[in-house]
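Everything on this sheet refers to the single structure shown next.
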Amino acid sequence: MNGLVRFTAVISPIALLGTAIIILIAALPAIRYNGLFFFEHNAWKPGNSYGNTVVTNGIAHAPGAQFGGVFLIVGTLLAGLIAVLVGVPISVGAAIFIYKKLPQKISGLGNFLLEILAGIPSVIFGLWGALTFGPFLAHDISPIIANNVPKIGPLKFLTGNVGAGEGLLASGIILAIMIVPIVASTTAGLLKQVPEGLREGARALGMTDYEILKTVDLRWIKTGLIGSAVLGLGRALGETMAVAMVSGSFLGAIPNSIYSTMTTIAATIATQLDSALQDSTGFTISVLAEAGLVLLVINLVVNVFARIMISRSNKLQLPAG
Amino acid sequence: MSDINIKDRKSDQLLNERTIPVSLLAKKSSGVLRRRKIKNFVSWVIFGSFFILIIAPLMWLLYGVFKAAFSNWSFSVLFHPTAGNAGGISNAIVGTLYIIVGVGLLAGVFGVSVGIYLSEYAGPLFKKIVGTSADILSGVPSILFGFVGYELLVLKFGWGMSSAAAIIVLSVMVLPYVAKSTETALSKIPTSYREGAKAIGLNKSQTVFRVVIRQGLPMILNGLIIAIAIAIGETAPMLYTAGWVDGYPKYLQFTHAPLPYLTYLVWTDYNQPFKSAKILSNDAALVILVIVGLLFLSAKLIVRVMKSYD
């Protein structure tokens, strides 16, 4: 038994390395054929799958194949950014409310609701987003923003045709709801580590609950909060099905307003599988692997950064004075 | 509880002058006190409304799924397999049960084992390596696991779209969760249990498997069941590994036989032009929610019941 347990410990490092290596190998043909074009242009042309296979530099692909993935990377980051901007403040506020204000009994219920939220499959968020929330947004909320925001500078991005409900804003908000459980539970974990003595001291000084929160709790967990926000970002960047159903899956261009249809790397890997399998040369699959590799790299950077911030927060001491 | 206010910037300045007694100070800043109380109240109203902002979409979503499914509900979908754009969802339910059993076994054995290693065996260095890699693994997007499963299991091993490929990929995906929850469960067992076991002459593996695990079992099972609930709600990795078949999954054939599953119906049929397909999508969404809900409940129940017997 001892040996077996020790043996299984290698699973997670091997799975992690194996994932990276297999995606890299699958992506190699696309990386060599696309070169820097993939990171400088917007294009999604699988080529003519009925034409004769062309071989360029030893890589077989359909005639006319051309892939530039800037729109994928920008779309992924934009959707993640909206998710964090909307989702993190709400999650942190709600976590503070559940664990610091609600009485013990109801706090358990709040925690339970967060667990349910975490357990809802992403495809169901997608279904709700596509059929209910997206149309509601386009019909009742987006026009108010679009018609009242002045068309100056970067605010232009908030104006324009609000569409039918599928698009960047809808995806971002659905993602914001989906990252709530992880951000809120990380925040709750951080709040629990604040030494009770400090809080008692603050109370003895006559501070109100809000003042204790601001001067003791939030100062103590500041670094960790950044970490939990970044952890939420990582979740949002990799989310697939909900975005695939709510984004409108528009390939080939960067969204020109917050309402326009778009897509992310993860969603594209899911939605383009069928058409990639039509490509008998297998080159489109390799392009999906290249996109996946970009996603993996972004995700690893984001997650490692988040873990460092959170663990550093655990070791923090209050500044003297 | 907040009658004196020494911490105010205004009163801080006064205090620094050290000329005015504290009793006078309290009188002077009664307006400040009121402002602080109002600020306190407003802040909690804002935090409370954030809480409602989270609960509202959850309720709306649950209501939406139930309403959509019940408006065209018939029990016959539970007993008939899918036939193109119509039929029922019984084959997908059976496939999902396959996943529950498969992931329960695989992630159960290996995930719990990794958790035991982290809690009971690992030295500080390996604990760091294994623990960190599990943390990072849990952040890898599930679609990438699907892609790796497709490249390695479906193509390289030649298994085709199959239940084995799907179950292995899902198990690797939830393994960090099972490992972490097992580690947490075991780390809560008091050291005195281990010391007591050692004192009566049990060796390491007897201590771990007969004493420590028995105490941590409810929480371990709790983590495993939630991991299974996460696994059956996944779609993205399944698209690349499980495939789909209109009939039932082949009995005890794990490779070269595609596996129907519920989330596939939700994803494929929700925007089909046929009404029968949309109905299937809504029904599958309801059934998957009910199964996930039952798993969550049983996880809670296990902790309650088993705790009361020890």
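Ordered as shown in the structure tokens, chains take letters A, B, and onward, while each chain numbers its residues from 1 and ligands are numbered from 1 in the order shown.
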(request) Considering only C-alpha atoms, extract the chain A residues located within 6 Å of chain B and return them as a ChimeraX atom specification. (result) /A:5,8-9,12-13,16,90,93-94,97,121,206-208,210,238
(request) Can you list, as an MDAnalysis selection string, all residues belonging to stretch 33-234 of chain B that DSSP tags as helix (DSSP H, G or I)? (result) chainID B and resid 33:70 75:78 90:121 124:139 142:156 163:187 191:199 204:232
(message) Set the distance at 7 Å and use only C-alpha atoms: which residues neighbour stretch 295-309 of chain A once local chain neighbours fewer than 2 positions away are removed? I'd like the list as a PyMOL selection string.
(response) (chain A and resi 223-224+226-228+230-231+234+265+291-293+311-313) or (chain B and resi 136+139-140)
Go ahead and save the picked residues with N, CA and C atoms, as a PDB file, in the first residue's frame.
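Wrote result.pdb, looks like this:
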```pdb
ATOM      1  N   THR A 223      -3.205  41.462  -0.472  1.00  0.00           N
ATOM      2  CA  THR A 223      -2.465  40.717  -1.492  1.00  0.00           C
ATOM      3  C   THR A 223      -3.260  39.508  -1.963  1.00  0.00           C
ATOM      4  N   GLY A 224      -3.872  38.819  -1.012  1.00  0.00           N
ATOM      5  CA  GLY A 224      -4.644  37.640  -1.362  1.00  0.00           C
ATOM      6  C   GLY A 224      -5.837  37.970  -2.234  1.00  0.00           C
ATOM      7  N   ILE A 226      -5.971  40.266  -4.525  1.00  0.00           N
ATOM      8  CA  ILE A 226      -5.482  40.349  -5.904  1.00  0.00           C
ATOM      9  C   ILE A 226      -5.368  38.939  -6.469  1.00  0.00           C
ATOM     10  N   GLY A 227      -4.805  38.042  -5.645  1.00  0.00           N
ATOM     11  CA  GLY A 227      -4.681  36.659  -6.075  1.00  0.00           C
ATOM     12  C   GLY A 227      -6.017  36.034  -6.419  1.00  0.00           C
ATOM     13  N   SER A 228      -7.040  36.270  -5.583  1.00  0.00           N
ATOM     14  CA  SER A 228      -8.333  35.629  -5.852  1.00  0.00           C
ATOM     15  C   SER A 228      -8.978  36.224  -7.102  1.00  0.00           C
ATOM     16  N   VAL A 230      -7.279  37.289  -9.701  1.00  0.00           N
ATOM     17  CA  VAL A 230      -6.555  36.708 -10.826  1.00  0.00           C
ATOM     18  C   VAL A 230      -6.955  35.248 -11.033  1.00  0.00           C
ATOM     19  N   LEU A 231      -7.225  34.552  -9.915  1.00  0.00           N
ATOM     20  CA  LEU A 231      -7.710  33.174 -10.008  1.00  0.00           C
ATOM     21  C   LEU A 231      -9.040  33.139 -10.765  1.00  0.00           C
ATOM     22  N   GLY A 234      -8.386  33.553 -14.398  1.00  0.00           N
ATOM     23  CA  GLY A 234      -7.960  32.297 -15.009  1.00  0.00           C
ATOM     24  C   GLY A 234      -9.150  31.413 -15.349  1.00  0.00           C
ATOM     25  N   ILE A 265     -10.646  31.734 -27.307  1.00  0.00           N
ATOM     26  CA  ILE A 265      -9.848  30.573 -27.720  1.00  0.00           C
ATOM     27  C   ILE A 265     -10.562  29.281 -27.343  1.00  0.00           C
ATOM     28  N   ALA A 291      -3.800  27.430 -30.909  1.00  0.00           N
ATOM     29  CA  ALA A 291      -4.622  28.330 -30.090  1.00  0.00           C
ATOM     30  C   ALA A 291      -4.671  27.815 -28.652  1.00  0.00           C
ATOM     31  N   GLY A 292      -4.821  26.486 -28.504  1.00  0.00           N
ATOM     32  CA  GLY A 292      -4.863  25.895 -27.173  1.00  0.00           C
ATOM     33  C   GLY A 292      -3.570  26.115 -26.412  1.00  0.00           C
ATOM     34  N   LEU A 293      -2.455  26.064 -27.132  1.00  0.00           N
ATOM     35  CA  LEU A 293      -1.155  26.285 -26.497  1.00  0.00           C
ATOM     36  C   LEU A 293      -1.071  27.711 -25.953  1.00  0.00           C
ATOM     37  N   SER A 311      -0.616  32.783  -1.501  1.00  0.00           N
ATOM     38  CA  SER A 311       0.206  32.182  -0.442  1.00  0.00           C
ATOM     39  C   SER A 311       1.027  33.262   0.252  1.00  0.00           C
ATOM     40  N   ARG A 312       1.387  34.331  -0.470  1.00  0.00           N
ATOM     41  CA  ARG A 312       2.124  35.402   0.176  1.00  0.00           C
ATOM     42  C   ARG A 312       1.238  36.105   1.198  1.00  0.00           C
ATOM     43  N   SER A 313      -0.049  36.227   0.848  1.00  0.00           N
ATOM     44  CA  SER A 313      -0.978  36.876   1.761  1.00  0.00           C
ATOM     45  C   SER A 313      -1.082  36.109   3.076  1.00  0.00           C
TER      46      SER A 313
ATOM     47  N   ILE B 136      -2.096  23.855 -10.024  1.00  0.00           N
ATOM     48  CA  ILE B 136      -2.043  24.387 -11.391  1.00  0.00           C
ATOM     49  C   ILE B 136      -2.916  23.545 -12.311  1.00  0.00           C
ATOM     50  N   GLY B 139      -6.389  24.471 -12.531  1.00  0.00           N
ATOM     51  CA  GLY B 139      -6.720  25.694 -13.253  1.00  0.00           C
ATOM     52  C   GLY B 139      -6.655  25.541 -14.763  1.00  0.00           C
ATOM     53  N   VAL B 140      -6.188  24.385 -15.257  1.00  0.00           N
ATOM     54  CA  VAL B 140      -6.094  24.186 -16.713  1.00  0.00           C
ATOM     55  C   VAL B 140      -7.505  24.052 -17.288  1.00  0.00           C
TER      56      VAL B 140
END
```
(message) What's around stretch 50-59 of chain A at 9 Å? Count only C-alpha atoms, leave out sequence neighbours fewer than 6 positions away in its own chain, and write the answer as a list of chain:residue names.
(response) A:Pro29, A:Ala30, A:Arg32, A:Tyr33, A:Asp279, A:Ser280, A:Thr281, A:Phe283
(message) If I take atom CA of B:Phe157 and atom CA of B:Val245, how far is one from the other in Å, to one decimal?
(response) 20.9 Å
Which residues are close to stretch 130-136 of chain A, i.e. within 7 Å by only C-alpha atoms, leaving aside same-chain residues fewer than 4 positions away? Reply as a compact mmCIF listing (two decimals) with N, CA and C atoms, in the first residue's frame.
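Result saved to selection_36.txt:
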```txt
# COMPACT_ATOMS: atom_id res chain seq x y z
N GLY A 126 -24.81 28.45 -20.28
CA GLY A 126 -24.88 28.81 -21.69
C GLY A 126 -26.32 28.80 -22.20
N ASP A 140 -33.48 45.01 -22.85
CA ASP A 140 -33.80 45.91 -21.73
C ASP A 140 -32.62 46.70 -21.18
N ALA A 164 -28.67 41.00 -30.89
CA ALA A 164 -29.80 40.21 -30.43
C ALA A 164 -29.54 39.56 -29.08
N GLY A 165 -28.40 39.81 -28.49
CA GLY A 165 -28.15 39.25 -27.17
C GLY A 165 -26.90 38.39 -27.11
N GLU A 166 -26.45 37.89 -28.25
CA GLU A 166 -25.20 37.14 -28.23
C GLU A 166 -24.06 38.12 -28.45
N ALA A 170 -22.69 40.01 -23.09
CA ALA A 170 -23.41 38.87 -22.52
C ALA A 170 -22.43 37.81 -22.03
N MET A 245 -21.89 29.27 -26.36
CA MET A 245 -23.32 29.42 -26.61
C MET A 245 -23.79 30.86 -26.57
N VAL A 246 -23.04 31.74 -25.91
CA VAL A 246 -23.52 33.11 -25.70
C VAL A 246 -22.76 34.14 -26.54
```
(message) When you look at A:Asn111 with a cut-off of 12 Å (counting only C-alpha atoms), what residues show up, excluding the ones that are within fewer than 6 positions of it in the same chain? I need them as a list in words.
(response)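 Result of the neighbour search: Ala94, Ala95, Ile96, Phe97, Ile98, Tyr99, Leu102, Gln104, Lys105, Leu117, Ala118, Val180, Pro181, Ile182, Ala184, Ser185 and Ala188 of chain A; Phe51, Ile54 and Ile55 of chain B.
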(request) Using only C-alpha atoms, pick whichever of B:Ala86, B:Leu125, B:Ile220, B:Ile167 has the shortest atom-to-atom distance to B:Pro258. (result) B:Ile167
(message) Could you tell me how far atom CA of B:Leu295 sits from atom CA of B:Gly243, in Å to one decimal place?
(response) 24.6 Å
